[in-house]
Structures are given as C-alpha cells and as structure tokens.
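For reference, model-v4.csv (CSV, C-alpha atoms):
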```
chain,number,residue,atom,x,y,z
A,205,MET,CA,63.9,41.6,12.9
A,206,SER,CA,67.7,41.6,12.7
A,207,ASP,CA,69.8,39.4,15.0
A,208,LEU,CA,71.0,42.5,16.9
A,209,ALA,CA,67.5,43.8,17.4
A,210,SER,CA,66.3,40.4,18.5
A,211,THR,CA,69.2,40.2,21.0
A,212,GLN,CA,68.4,43.6,22.4
A,213,SER,CA,64.7,42.7,22.7
A,214,GLU,CA,65.5,39.5,24.6
A,215,LEU,CA,67.8,41.2,27.0
A,216,ASP,CA,65.4,44.1,27.6
A,217,ALA,CA,62.6,41.7,28.3
A,218,GLY,CA,64.7,39.8,30.7
A,219,MET,CA,65.8,42.9,32.6
A,220,GLN,CA,62.3,44.1,32.9
A,221,LYS,CA,61.1,40.7,34.1
A,222,TYR,CA,63.8,40.2,36.8
A,223,ARG,CA,64.3,43.9,37.9
A,224,THR,CA,62.1,43.6,41.0
A,225,GLU,CA,63.5,40.4,42.4
A,226,LEU,CA,67.1,41.5,41.6
A,227,THR,CA,66.4,44.7,43.5
A,228,GLY,CA,65.3,42.7,46.4
A,229,TYR,CA,68.3,40.5,46.2
A,230,CYS,CA,70.7,43.5,46.1
A,231,TYR,CA,68.9,45.2,48.9
A,232,ARG,CA,69.4,42.2,51.2
A,233,MET,CA,73.0,42.1,50.2
A,234,LEU,CA,73.7,45.9,50.7
A,235,GLY,CA,71.1,47.1,53.2
A,236,SER,CA,70.5,50.2,51.1
A,237,SER,CA,67.5,50.9,48.8
A,238,PHE,CA,69.5,53.4,46.8
A,239,GLU,CA,72.6,51.3,46.5
A,240,ALA,CA,70.4,48.3,45.6
A,241,GLU,CA,69.0,50.2,42.6
A,242,ASP,CA,72.4,51.4,41.6
A,243,ALA,CA,73.7,47.8,41.8
A,244,VAL,CA,70.9,46.5,39.6
A,245,GLN,CA,71.5,49.3,37.1
A,246,ASP,CA,75.2,48.5,37.1
A,247,ALA,CA,74.5,44.8,36.6
A,248,PHE,CA,72.3,45.6,33.6
A,249,VAL,CA,75.0,47.8,32.0
A,250,ARG,CA,77.5,45.0,32.5
A,251,ALA,CA,75.0,42.5,31.0
A,252,TRP,CA,74.6,44.7,27.9
A,253,ARG,CA,78.3,44.9,27.4
A,254,ALA,CA,78.9,41.2,27.8
A,255,TYR,CA,75.7,39.8,26.2
A,256,ASP,CA,77.5,38.8,23.1
A,257,LYS,CA,79.5,36.4,25.3
A,258,PHE,CA,76.4,34.9,26.9
A,259,GLU,CA,76.3,31.4,25.5
A,260,GLY,CA,73.1,30.2,27.1
A,261,ARG,CA,74.8,27.6,29.3
A,262,SER,CA,72.7,28.9,32.2
A,263,SER,CA,69.4,30.7,32.2
A,264,LEU,CA,69.3,34.4,31.6
A,265,ARG,CA,68.0,34.8,35.2
A,266,SER,CA,71.0,32.9,36.6
A,267,TRP,CA,73.4,34.9,34.5
A,268,LEU,CA,71.9,38.2,35.7
A,269,TYR,CA,72.1,37.0,39.3
A,270,ARG,CA,75.8,36.2,38.8
A,271,ILE,CA,76.5,39.7,37.5
A,272,ALA,CA,74.4,41.3,40.3
A,273,THR,CA,76.2,39.2,42.9
A,274,ASN,CA,79.6,40.3,41.6
A,275,VAL,CA,78.5,44.0,41.6
A,276,CYS,CA,77.3,43.6,45.3
A,277,LEU,CA,80.5,41.9,46.3
A,278,ASP,CA,82.6,44.6,44.7
A,279,MET,CA,80.6,47.3,46.6
A,280,LEU,CA,80.9,45.3,49.9
A,281,ASN,CA,84.6,45.0,49.5
A,282,ALA,CA,84.8,48.6,50.5
A,283,GLY,CA,83.9,47.5,54.0
A,284,ASN,CA,80.5,49.2,54.2
A,285,LYS,CA,78.4,47.7,57.0
A,286,ARG,CA,75.0,49.2,57.7
A,287,ALA,CA,73.2,49.0,61.0
A,288,LEU,CA,70.3,49.9,63.2
A,289,PRO,CA,71.0,52.0,66.3
A,290,MET,CA,70.7,48.8,68.5
A,291,ASP,CA,73.9,47.5,66.8
A,292,LEU,CA,75.9,50.7,67.6
A,293,THR,CA,75.0,51.9,71.0
A,294,GLU,CA,73.7,50.9,74.4
A,295,ARG,CA,70.0,51.4,75.2
A,296,GLY,CA,69.2,55.0,75.9
A,297,ARG,CA,67.0,56.6,78.5
A,298,GLN,CA,64.6,59.5,78.0
A,299,ALA,CA,66.0,61.5,80.9
A,300,THR,CA,69.6,61.5,79.6
A,301,ALA,CA,68.8,61.1,75.8
A,302,GLN,CA,71.5,62.5,73.5
A,303,LEU,CA,70.8,62.8,69.8
A,304,ASN,CA,74.1,62.0,68.1
A,305,PRO,CA,73.9,61.9,64.3
A,306,HIS,CA,75.9,59.5,62.2
A,307,PRO,CA,76.6,59.7,58.4
A,308,GLU,CA,74.0,58.3,56.0
A,309,ALA,CA,76.2,55.4,55.0
A,310,THR,CA,76.0,54.1,58.6
A,311,TRP,CA,72.3,53.1,58.5
A,312,LEU,CA,70.2,50.4,57.1
A,313,GLU,CA,67.7,52.0,54.7
A,314,PRO,CA,64.0,51.4,54.3
A,315,ILE,CA,62.6,50.2,51.0
A,316,PRO,CA,59.1,50.4,49.6
A,317,ASP,CA,57.4,47.1,49.2
A,318,SER,CA,56.6,47.9,45.6
A,319,ARG,CA,60.3,47.9,44.8
A,320,VAL,CA,60.9,44.3,46.0
A,321,LEU,CA,57.5,42.6,45.8
A,322,SER,CA,56.2,41.4,42.5
A,323,SER,CA,52.5,42.0,41.9
A,324,THR,CA,52.2,38.7,40.0
A,325,ALA,CA,54.1,36.5,42.5
A,326,ASP,CA,52.5,33.5,44.2
A,327,PRO,CA,51.1,34.5,47.6
A,328,ALA,CA,53.3,32.0,49.4
A,329,ASP,CA,56.4,33.4,47.7
A,330,THR,CA,55.3,36.9,48.6
A,331,ALA,CA,55.0,36.0,52.3
A,332,VAL,CA,58.6,34.7,52.2
A,333,VAL,CA,59.9,37.9,50.5
A,334,ARG,CA,58.1,40.1,53.0
A,335,GLU,CA,59.8,38.3,55.9
A,336,SER,CA,63.2,38.4,54.2
A,337,VAL,CA,63.2,42.2,53.8
A,338,ARG,CA,62.2,43.0,57.4
A,339,LEU,CA,64.6,45.5,59.0
A,340,ALA,CA,65.5,43.0,61.7
A,341,PHE,CA,66.5,40.3,59.1
A,342,ILE,CA,68.4,42.8,57.0
A,343,ALA,CA,70.3,44.0,60.1
A,344,ALA,CA,71.1,40.4,61.0
A,345,LEU,CA,72.5,39.8,57.5
A,346,GLN,CA,75.0,42.6,58.0
A,347,HIS,CA,76.8,40.5,60.5
A,348,LEU,CA,77.8,38.0,57.8
A,349,PRO,CA,80.8,38.2,55.5
A,350,PRO,CA,79.7,39.1,52.0
A,351,LYS,CA,80.0,35.7,50.4
A,352,GLN,CA,78.2,34.0,53.3
A,353,ARG,CA,75.5,36.6,53.0
A,354,ALA,CA,75.1,35.7,49.3
A,355,VAL,CA,75.0,32.0,50.0
A,356,LEU,CA,72.4,32.3,52.8
A,357,ILE,CA,70.1,34.6,50.7
A,358,LEU,CA,70.4,32.4,47.6
A,359,ARG,CA,69.9,29.1,49.5
A,360,GLU,CA,67.4,30.0,52.2
A,361,VAL,CA,65.5,32.9,50.8
A,362,LEU,CA,65.5,32.3,47.1
A,363,ALA,CA,65.6,28.4,47.4
A,364,TRP,CA,68.5,27.9,45.0
A,365,ARG,CA,70.1,24.5,45.0
A,366,ALA,CA,73.6,24.2,46.4
A,367,SER,CA,74.9,23.3,42.9
A,368,GLU,CA,73.4,26.4,41.4
A,369,VAL,CA,74.9,28.6,44.0
A,370,ALA,CA,78.3,26.9,43.6
A,371,GLU,CA,78.1,27.6,39.8
A,372,LEU,CA,77.1,31.2,40.4
A,373,LEU,CA,80.0,31.8,42.9
A,374,ASP,CA,82.6,29.7,40.9
A,375,THR,CA,83.1,27.5,43.9
A,376,SER,CA,82.3,23.9,45.1
A,377,VAL,CA,79.2,22.5,46.6
A,378,ALA,CA,81.1,21.7,49.7
A,379,SER,CA,82.2,25.3,50.1
A,380,VAL,CA,78.6,26.5,49.6
A,381,ASN,CA,77.4,24.1,52.3
A,382,SER,CA,80.2,25.1,54.6
A,383,ALA,CA,79.4,28.8,54.1
A,384,LEU,CA,75.7,28.2,54.7
A,385,GLN,CA,76.4,26.3,58.0
A,386,ARG,CA,78.7,29.2,59.2
A,387,ALA,CA,76.1,31.8,58.3
A,388,ARG,CA,73.3,29.9,60.1
A,389,ALA,CA,75.5,29.6,63.2
A,390,THR,CA,76.2,33.4,63.2
A,391,LEU,CA,72.5,34.2,62.9
A,392,ASN,CA,71.6,31.8,65.6
A,393,GLU,CA,73.8,33.7,68.0
A,394,SER,CA,71.4,36.7,67.7
A,395,PRO,CA,68.1,35.3,66.4
A,396,VAL,CA,65.8,37.6,64.5
A,397,LYS,CA,62.8,38.5,66.7
A,398,ASP,CA,59.5,37.2,65.3
A,399,SER,CA,56.8,39.6,64.1
A,400,ASP,CA,53.2,39.1,63.0
A,401,PRO,CA,52.8,38.3,59.3
A,402,ALA,CA,51.4,41.2,57.3
A,403,ASP,CA,50.4,39.5,54.1
A,404,PRO,CA,47.6,40.5,54.1
A,405,LEU,CA,46.7,42.4,57.3
A,406,ASP,CA,43.9,40.7,59.2
A,407,GLU,CA,41.1,42.6,60.9
A,408,GLU,CA,42.9,42.6,64.3
A,409,GLN,CA,46.1,44.1,62.7
A,410,GLN,CA,44.1,46.7,60.8
A,411,ASP,CA,42.3,47.7,64.1
A,412,LEU,CA,45.7,47.9,65.9
A,413,LEU,CA,47.1,50.2,63.2
A,414,LYS,CA,44.0,52.4,63.3
A,415,ARG,CA,44.3,52.7,67.1
A,416,TYR,CA,47.9,53.6,66.8
A,417,MET,CA,47.2,56.2,64.1
A,418,ASP,CA,44.4,57.7,66.2
A,419,ALA,CA,46.5,57.7,69.3
A,420,PHE,CA,49.6,59.2,67.6
A,421,GLN,CA,47.6,61.9,65.7
A,422,GLY,CA,45.8,62.8,68.9
A,423,TYR,CA,49.0,62.6,70.9
A,424,ASP,CA,47.1,60.5,73.4
A,425,MET,CA,49.8,58.9,75.5
A,426,LYS,CA,47.4,56.7,77.4
A,427,ALA,CA,46.0,55.3,74.2
A,428,LEU,CA,49.6,54.9,72.8
A,429,ALA,CA,50.6,52.9,75.9
A,430,ALA,CA,47.7,50.6,75.3
A,431,VAL,CA,49.0,49.6,71.8
A,432,LEU,CA,52.7,49.4,72.6
A,433,HIS,CA,54.4,46.3,74.1
A,434,ASP,CA,56.0,46.9,77.5
A,435,ASP,CA,59.4,46.4,75.8
A,436,ALA,CA,58.7,48.2,72.5
A,437,ILE,CA,61.7,49.8,70.8
A,438,MET,CA,61.9,53.2,69.1
A,439,THR,CA,64.8,54.2,66.9
A,440,MET,CA,65.4,57.5,65.0
A,441,PRO,CA,68.2,57.2,62.3
A,442,PRO,CA,70.4,59.2,61.6
A,443,PHE,CA,70.6,59.6,65.4
A,444,ASP,CA,72.1,56.6,67.3
A,445,LEU,CA,69.7,56.9,70.2
A,446,TRP,CA,67.3,54.0,70.8
A,447,LEU,CA,64.7,53.6,73.5
A,448,LYS,CA,63.2,50.4,74.9
A,449,GLY,CA,60.0,50.3,77.0
A,450,HIS,CA,56.9,52.3,76.5
A,451,ASP,CA,57.6,54.4,79.6
A,452,ASP,CA,60.8,55.9,78.1
A,453,ILE,CA,59.2,56.1,74.6
A,454,LEU,CA,56.2,58.0,75.8
A,455,ALA,CA,58.2,60.3,78.1
A,456,PHE,CA,60.4,61.1,75.1
A,457,LEU,CA,57.4,61.9,72.9
A,458,VAL,CA,55.9,64.2,75.6
A,459,ASN,CA,59.2,66.0,76.2
A,460,GLN,CA,61.9,66.0,73.4
A,461,GLY,CA,59.2,65.1,70.9
A,462,ALA,CA,56.6,67.6,71.9
A,463,GLY,CA,56.8,69.3,68.5
A,464,CYS,CA,55.1,66.2,67.0
A,465,GLU,CA,51.8,66.9,68.7
A,466,GLY,CA,49.1,67.5,66.1
A,467,SER,CA,50.9,65.3,63.5
A,468,LYS,CA,49.3,63.5,60.5
A,469,LEU,CA,50.2,59.9,59.4
A,470,LEU,CA,49.7,58.6,55.9
A,471,PRO,CA,49.8,54.7,55.6
A,472,THR,CA,52.1,52.8,53.3
A,473,PHE,CA,54.1,49.6,53.4
A,474,ALA,CA,57.9,49.3,53.7
A,475,ASN,CA,60.2,46.3,54.4
A,476,GLY,CA,57.3,43.9,54.3
A,477,THR,CA,55.5,45.7,57.2
A,478,PRO,CA,53.1,48.6,57.8
A,479,ALA,CA,54.6,52.0,57.7
A,480,PHE,CA,53.5,55.7,57.9
A,481,ALA,CA,54.6,58.9,56.4
A,482,HIS,CA,54.8,61.2,59.4
A,483,TYR,CA,54.0,65.0,58.9
A,484,LYS,CA,54.1,67.4,61.8
A,485,PRO,CA,53.0,71.0,62.2
A,486,ASP,CA,55.4,73.4,60.5
A,487,PRO,CA,57.8,74.8,63.2
A,488,GLU,CA,58.0,78.0,61.2
A,489,GLY,CA,54.3,78.7,61.9
A,490,SER,CA,52.8,78.2,58.5
A,491,ASP,CA,49.5,76.3,58.0
A,492,ALA,CA,51.3,73.5,56.3
A,493,MET,CA,52.2,70.1,57.7
A,494,VAL,CA,55.9,69.3,56.9
A,495,PRO,CA,57.6,65.9,56.6
A,496,TRP,CA,59.2,64.6,59.7
A,497,ALA,CA,59.8,60.8,59.5
A,498,LEU,CA,59.1,57.6,57.7
A,499,GLN,CA,57.8,55.3,60.5
A,500,ILE,CA,58.2,51.5,60.0
A,501,ILE,CA,56.0,49.5,62.3
A,502,GLU,CA,56.7,46.1,63.8
A,503,THR,CA,53.9,44.2,65.5
A,504,SER,CA,53.8,41.0,67.5
A,505,ASN,CA,51.0,39.3,69.5
A,506,GLY,CA,48.5,42.0,68.7
A,507,ARG,CA,50.6,45.0,69.9
A,508,ILE,CA,53.3,47.2,68.4
A,509,SER,CA,56.8,45.9,69.3
A,510,GLY,CA,58.8,48.6,67.5
A,511,PHE,CA,58.7,51.7,65.4
A,512,HIS,CA,61.7,52.9,63.5
A,513,CYS,CA,61.5,56.6,62.5
A,514,PHE,CA,63.8,57.4,59.6
A,515,LEU,CA,64.1,61.2,59.7
A,516,ASP,CA,65.9,62.0,56.4
A,517,THR,CA,62.6,62.7,54.7
A,518,LYS,CA,64.3,64.4,51.7
A,519,ARG,CA,65.5,60.9,50.7
A,520,TRP,CA,62.6,58.8,51.8
A,521,PHE,CA,59.5,60.7,50.9
A,522,PRO,CA,60.3,61.0,47.1
A,523,LEU,CA,61.1,57.3,47.1
A,524,PHE,CA,57.7,56.5,48.5
A,525,ASP,CA,55.9,59.1,46.3
A,526,PHE,CA,54.7,61.2,49.3
A,527,PRO,CA,54.1,64.9,48.9
A,528,GLU,CA,56.6,67.5,50.1
A,529,GLN,CA,54.0,68.9,52.5
A,530,LEU,CA,50.3,68.6,53.4
A,531,SER,CA,47.9,71.5,53.3
A,532,LYS,CA,44.8,71.9,55.4
A,533,ALA,CA,42.8,70.5,52.5
A,534,ASP,CA,45.0,67.4,52.5
A,535,GLN,CA,44.3,67.0,56.2
A,536,GLY,CA,40.6,66.9,55.6
A,537,GLU,CA,40.0,70.1,57.6
```

Please, can you express the file's structure as structure tokens?
Amino acid sequence: MSDLASTQSELDAGMQKYRTELTGYCYRMLGSSFEAEDAVQDAFVRAWRAYDKFEGRSSLRSWLYRIATNVCLDMLNAGNKRALPMDLTERGRQATAQLNPHPEATWLEPIPDSRVLSSTADPADTAVVRESVRLAFIAALQHLPPKQRAVLILREVLAWRASEVAELLDTSVASVNSALQRARATLNESPVKDSDPADPLDEEQQDLLKRYMDAFQGYDMKALAAVLHDDAIMTMPPFDLWLKGHDDILAFLVNQGAGCEGSKLLPTFANGTPAFAHYKPDPEGSDAMVPWALQIIETSNGRISGFHCFLDTKRWFPLFDFPEQLSKADQGE
C-alpha cells in the first residue's frame, strides 16, 4: 500500500471511529442535530485538507476534537442561541393560549440516541452520555459563552484533563480552570431538573410509558392525569407557548388539541429519554394517519414530568426513520 493510500485509510478509520462521539460533542455545543452533523462533516473536510500537517504530537482523536471545536466556535460566533419555550416566554394558560411561531433557528432540536450513543460504549459511559444530551441540559448549556461551553463539556462530560483542554483551546490551565468555575456558577443559578435514568428502562418505567401510550391513544384524560405530575410541562416548538400543570395541559388537549383524538404513538428514544412519533387522523378525511409531532418524554419519581412536542415533522420524522404516514394496516386494524 502506498504512503498516500495508508494515510487515507488511517484517517478514514479515525473518522468512522469517532463520528458518533464527535456528533454528540457538536450537538451539545450547538443545540441542533442538523448543525451538529454539518459541523462534523466540515471538521472532517478540514482534517482531510490538513492531514499532511498532522505530526502526531497529539492523538488523532484529540486533533479531530480540536478541529470540531474550532468549527463549532466559528458557527457560534454568529450569535446563534437556541432555546426551549420556557427560556423565551412566560408560562401560558390554556384559556388564553396563543400559538406564536418562531423561526427554526430559535429552537433546540431533538436528536436520535443512535446518532450520539455508541453501541459498543461501556454502560457507565452510556449513562453519562444519556444525561448529557437531555433537552434540559442542552438548554442550560446555551446560557454559557461558547468557550465556557466547550470547557464544561470537555472537562465534566468527556472527562478530559485540564491540561488536555488547555492544549486543545490554545490557552493555559489556569484559564481553563477559571472558565470551568464560571460555567459551573452560571449553571448553578438555574440547576437542571433531575429526571429518572433511562438506561435501561426498568419495569416501572416501561409500565408508565405503556399507561401513557394507552391513555394518549385512547384520549382518556382521567388516565392521562394519573400519569402526569401535577406540575408537568408541555411545549410545542415552533410555537413559544408552554403550559405547566396537568389541569392546563389536559384542558388544552381537549379543546385546542381535540384533533389529536384517535392518535397513534410509535416508540423511540431521543436525547437520552423515551420518545414517540405522534400520528393523528388526517384532517383531510383520508383513512391515513399523518405525522403531527415528535414527543420527547421526561419522567421523575414514577410519573411524567414533561413532554416536548416538536411539530416540524418534515424535519424530524426522516431523521428518526419514521414513515410519512400510517395506513390502517400499520395501525393493526
């Protein structure tokens, strides 16, 4: 094998080996599944172009992280800051609910677990990754300046040493430690709400999700009330409305959300938590069930504490490999 072919083979193998963890890193930095994949691809292109200058003074993994970090910092310099509705507006009420849409770039985006969780990772590492891609944690990261965000992710999520982070960012260990301290202080001002671990789901969690599915698909508000926390939260990006408390949520489902009666949910996992593809009866009157939302479910203490309904299904369903519609046969009728 020629030197050039050997070099190409080594870089290709490295890119394949580290793609999933780099995607997870870029997702935490950017809060967007699509931008994360674009960032990784850009990083790989830059790596190809600069590989003849890679002298092996650091590992290939560290070098790729350095490039990916620079790509993310360049993207974040444009001032993009993604959010959940709770970061933008005051709590809504069902009786006065207004559905105000915001552009796609406003919102945190969901990501399939398969894009950020390695199938060969140690179970303990997988549990950490699941926690670190939860929507609440990603939303909290958005409050940090880009370099503080990178430091916190590298030090506290990926467990890099301060000296390694300093080398990656071309700064001093003292600067890294200072940035980490400031990042922790910012996050402590709005601590991330705990959720039940989902790796793997235990019998109680599986039962809770089944009860939720049965209640939602049957549009049984009494059964839904039994699985929701009193202070559960519902969001619906791209609309900035968010509701808190099962009374307002259930009232919304019965009134503004009445078209969802007779829906079908298909289970999946996103952002380290259970999720569902939500199909509802076609409002045009056909026999098909049409995509309506990707629901990301948060649980705590045996009940559902939140469900985030991402309504731009033209973006999300292909990403999660869900069909464009369900037929009666798909519904098991």

*Find the residue from A:Glu313, A:Glu308, A:Glu408, A:Glu360 that sits nearest to A:Asn505; use only C-alpha atoms when measuring.*
A:Glu408

*Non-local contacts of stretch 517-528 of chain A (8 Å; all atoms listed in the file; under 4 positions in same chain excluded) as a ChimeraX atom specification*: /A:314,316,481,494-498

May I have a table of the residues of stretch 482-535 of chain A lying at most 8 Å from stretch 435-454 of chain A, giving each one's closest pair of atoms and their distance in Å to one decimal, counting only C-alpha atoms, ordered by chain and ascending residue number, as CSV?
```
residue,atom,partner,partner_atom,distance
A:Ile508,CA,A:Ala436,CA,6.9
A:Ser509,CA,A:Ala436,CA,4.4
A:Gly510,CA,A:Ile437,CA,4.6
A:Phe511,CA,A:Met438,CA,5.1
A:His512,CA,A:Thr439,CA,4.8
A:Cys513,CA,A:Met440,CA,4.7
A:Phe514,CA,A:Pro441,CA,5.2
A:Leu515,CA,A:Pro441,CA,6.3
A:Asp516,CA,A:Pro442,CA,7.4
```

Which stretch 211-315 of chain A residues have any atom within 12 Å of an atom of stretch 461-466 of chain A, and for each, what is the nearest pair of atoms with distance in Å to one decimal, counting only C-alpha atoms, rows sorted by chain and number, as JSON lines?
```
{"residue": "A:Gln298", "atom": "CA", "partner": "A:Gly461", "partner_atom": "CA", "distance": 10.5}
{"residue": "A:Ala301", "atom": "CA", "partner": "A:Gly461", "partner_atom": "CA", "distance": 11.5}
{"residue": "A:Leu303", "atom": "CA", "partner": "A:Gly461", "partner_atom": "CA", "distance": 11.9}
```

_Long-range neighbours of A:Lys221 as a PyMOL selection string, 12 Å cut-off, all atoms listed in the file, 5 positions minimum in chain_ = chain A and resi 214-216+226-227+264-265+268+322-325

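Straight-line separation from atom CA of A:Val355 to atom CA of A:Met290: 25.4 Å.
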
*asked:* From (76.6, 29.2, 55.1), in the file's coordinates, out to 9 Å: which residues are reached, counting all atoms listed in the file? Answer as a ChimeraX atom specification.
replied: /A:351-356,359,379-389

*Enter the distance from atom CA of A:Ala474 to atom CA of A:Gly235, in Å, rounded to one decimal.*
13.4 Å

_Between atom CA of A:Ala366 and atom CA of A:Leu339 - distance in Å to one decimal_ = 26.3 Å

6 Å contact set for A:Asn475, all atoms listed in the file, chain neighbours under 4 positions out, as an mmCIF file with C-alpha atoms, in the coordinates of the input:
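What landed in result_3.cif:
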```
data_model
loop_
_atom_site.group_PDB
_atom_site.id
_atom_site.type_symbol
_atom_site.label_atom_id
_atom_site.label_comp_id
_atom_site.auth_asym_id
_atom_site.auth_seq_id
_atom_site.Cartn_x
_atom_site.Cartn_y
_atom_site.Cartn_z
ATOM 1 C CA ILE A 315 62.600 50.200 51.000
ATOM 2 C CA ASP A 317 57.400 47.100 49.200
ATOM 3 C CA VAL A 337 63.200 42.200 53.800
ATOM 4 C CA ARG A 338 62.200 43.000 57.400
#
```

_Give me, as a PyMOL selection string, all polymer residues having an atom no more than 9 Å from A:Met425, counting all atoms listed in the file and skipping those fewer than 5 positions away in the same chain._
chain A and resi 419-420+430+454-455+457-458

_Nearest residue to A:Thr224 from the set A:Leu413, A:Val377, A:Leu292, A:Val333 (distances using only C-alpha atoms)_ =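 Once distances to A:Thr224 are computed over only C-alpha atoms, the minimum belongs to A:Val333.
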
Please output stretch 266-283 of chain A, rebuilt to include N, CA, C and O atoms, as a PDB file, in the frame of the given file.
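Once written, rebuild00.pdb looks like this:
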```
ATOM      1  N   SER A 266      69.786  33.273  35.885  1.00  0.00           N
ATOM      2  CA  SER A 266      71.000  32.900  36.600  1.00  0.00           C
ATOM      3  C   SER A 266      72.161  33.783  36.260  1.00  0.00           C
ATOM      4  O   SER A 266      72.957  34.186  37.125  1.00  0.00           O
ATOM      5  N   TRP A 267      72.274  34.081  34.981  1.00  0.00           N
ATOM      6  CA  TRP A 267      73.400  34.900  34.500  1.00  0.00           C
ATOM      7  C   TRP A 267      73.275  36.322  35.089  1.00  0.00           C
ATOM      8  O   TRP A 267      74.271  36.892  35.540  1.00  0.00           O
ATOM      9  N   LEU A 268      72.065  36.875  35.120  1.00  0.00           N
ATOM     10  CA  LEU A 268      71.900  38.200  35.700  1.00  0.00           C
ATOM     11  C   LEU A 268      72.174  38.199  37.194  1.00  0.00           C
ATOM     12  O   LEU A 268      72.753  39.154  37.733  1.00  0.00           O
ATOM     13  N   TYR A 269      71.787  37.131  37.879  1.00  0.00           N
ATOM     14  CA  TYR A 269      72.100  37.000  39.300  1.00  0.00           C
ATOM     15  C   TYR A 269      73.609  36.947  39.520  1.00  0.00           C
ATOM     16  O   TYR A 269      74.135  37.515  40.498  1.00  0.00           O
ATOM     17  N   ARG A 270      74.303  36.238  38.662  1.00  0.00           N
ATOM     18  CA  ARG A 270      75.800  36.200  38.800  1.00  0.00           C
ATOM     19  C   ARG A 270      76.383  37.551  38.679  1.00  0.00           C
ATOM     20  O   ARG A 270      77.225  37.943  39.498  1.00  0.00           O
ATOM     21  N   ILE A 271      75.933  38.305  37.685  1.00  0.00           N
ATOM     22  CA  ILE A 271      76.500  39.700  37.500  1.00  0.00           C
ATOM     23  C   ILE A 271      76.120  40.535  38.687  1.00  0.00           C
ATOM     24  O   ILE A 271      76.967  41.267  39.220  1.00  0.00           O
ATOM     25  N   ALA A 272      74.857  40.476  39.138  1.00  0.00           N
ATOM     26  CA  ALA A 272      74.400  41.300  40.300  1.00  0.00           C
ATOM     27  C   ALA A 272      75.188  40.938  41.532  1.00  0.00           C
ATOM     28  O   ALA A 272      75.546  41.825  42.339  1.00  0.00           O
ATOM     29  N   THR A 273      75.462  39.655  41.727  1.00  0.00           N
ATOM     30  CA  THR A 273      76.200  39.200  42.900  1.00  0.00           C
ATOM     31  C   THR A 273      77.637  39.818  42.859  1.00  0.00           C
ATOM     32  O   THR A 273      78.140  40.324  43.873  1.00  0.00           O
ATOM     33  N   ASN A 274      78.271  39.776  41.700  1.00  0.00           N
ATOM     34  CA  ASN A 274      79.600  40.300  41.600  1.00  0.00           C
ATOM     35  C   ASN A 274      79.620  41.840  41.836  1.00  0.00           C
ATOM     36  O   ASN A 274      80.548  42.373  42.464  1.00  0.00           O
ATOM     37  N   VAL A 275      78.580  42.536  41.355  1.00  0.00           N
ATOM     38  CA  VAL A 275      78.500  44.000  41.600  1.00  0.00           C
ATOM     39  C   VAL A 275      78.383  44.215  43.126  1.00  0.00           C
ATOM     40  O   VAL A 275      79.079  45.067  43.685  1.00  0.00           O
ATOM     41  N   CYS A 276      77.521  43.462  43.808  1.00  0.00           N
ATOM     42  CA  CYS A 276      77.300  43.600  45.300  1.00  0.00           C
ATOM     43  C   CYS A 276      78.622  43.314  46.019  1.00  0.00           C
ATOM     44  O   CYS A 276      78.995  44.029  46.957  1.00  0.00           O
ATOM     45  N   LEU A 277      79.298  42.239  45.628  1.00  0.00           N
ATOM     46  CA  LEU A 277      80.500  41.900  46.300  1.00  0.00           C
ATOM     47  C   LEU A 277      81.592  42.952  46.120  1.00  0.00           C
ATOM     48  O   LEU A 277      82.347  43.274  47.050  1.00  0.00           O
ATOM     49  N   ASP A 278      81.648  43.541  44.923  1.00  0.00           N
ATOM     50  CA  ASP A 278      82.600  44.600  44.700  1.00  0.00           C
ATOM     51  C   ASP A 278      82.261  45.818  45.619  1.00  0.00           C
ATOM     52  O   ASP A 278      83.170  46.436  46.190  1.00  0.00           O
ATOM     53  N   MET A 279      80.973  46.132  45.766  1.00  0.00           N
ATOM     54  CA  MET A 279      80.600  47.300  46.600  1.00  0.00           C
ATOM     55  C   MET A 279      80.862  46.956  48.085  1.00  0.00           C
ATOM     56  O   MET A 279      81.284  47.842  48.837  1.00  0.00           O
ATOM     57  N   LEU A 280      80.659  45.711  48.489  1.00  0.00           N
ATOM     58  CA  LEU A 280      80.900  45.300  49.900  1.00  0.00           C
ATOM     59  C   LEU A 280      82.354  45.218  50.239  1.00  0.00           C
ATOM     60  O   LEU A 280      82.723  45.286  51.413  1.00  0.00           O
ATOM     61  N   ASN A 281      83.196  45.047  49.250  1.00  0.00           N
ATOM     62  CA  ASN A 281      84.600  45.000  49.500  1.00  0.00           C
ATOM     63  C   ASN A 281      85.188  46.271  50.063  1.00  0.00           C
ATOM     64  O   ASN A 281      86.284  46.299  50.625  1.00  0.00           O
ATOM     65  N   ALA A 282      84.407  47.350  49.905  1.00  0.00           N
ATOM     66  CA  ALA A 282      84.800  48.600  50.500  1.00  0.00           C
ATOM     67  C   ALA A 282      84.674  48.654  51.980  1.00  0.00           C
ATOM     68  O   ALA A 282      85.105  49.605  52.642  1.00  0.00           O
ATOM     69  N   GLY A 283      84.065  47.608  52.527  1.00  0.00           N
ATOM     70  CA  GLY A 283      83.900  47.500  54.000  1.00  0.00           C
ATOM     71  C   GLY A 283      82.697  48.115  54.567  1.00  0.00           C
ATOM     72  O   GLY A 283      82.562  48.206  55.789  1.00  0.00           O
TER      73      GLY A 283
END
```
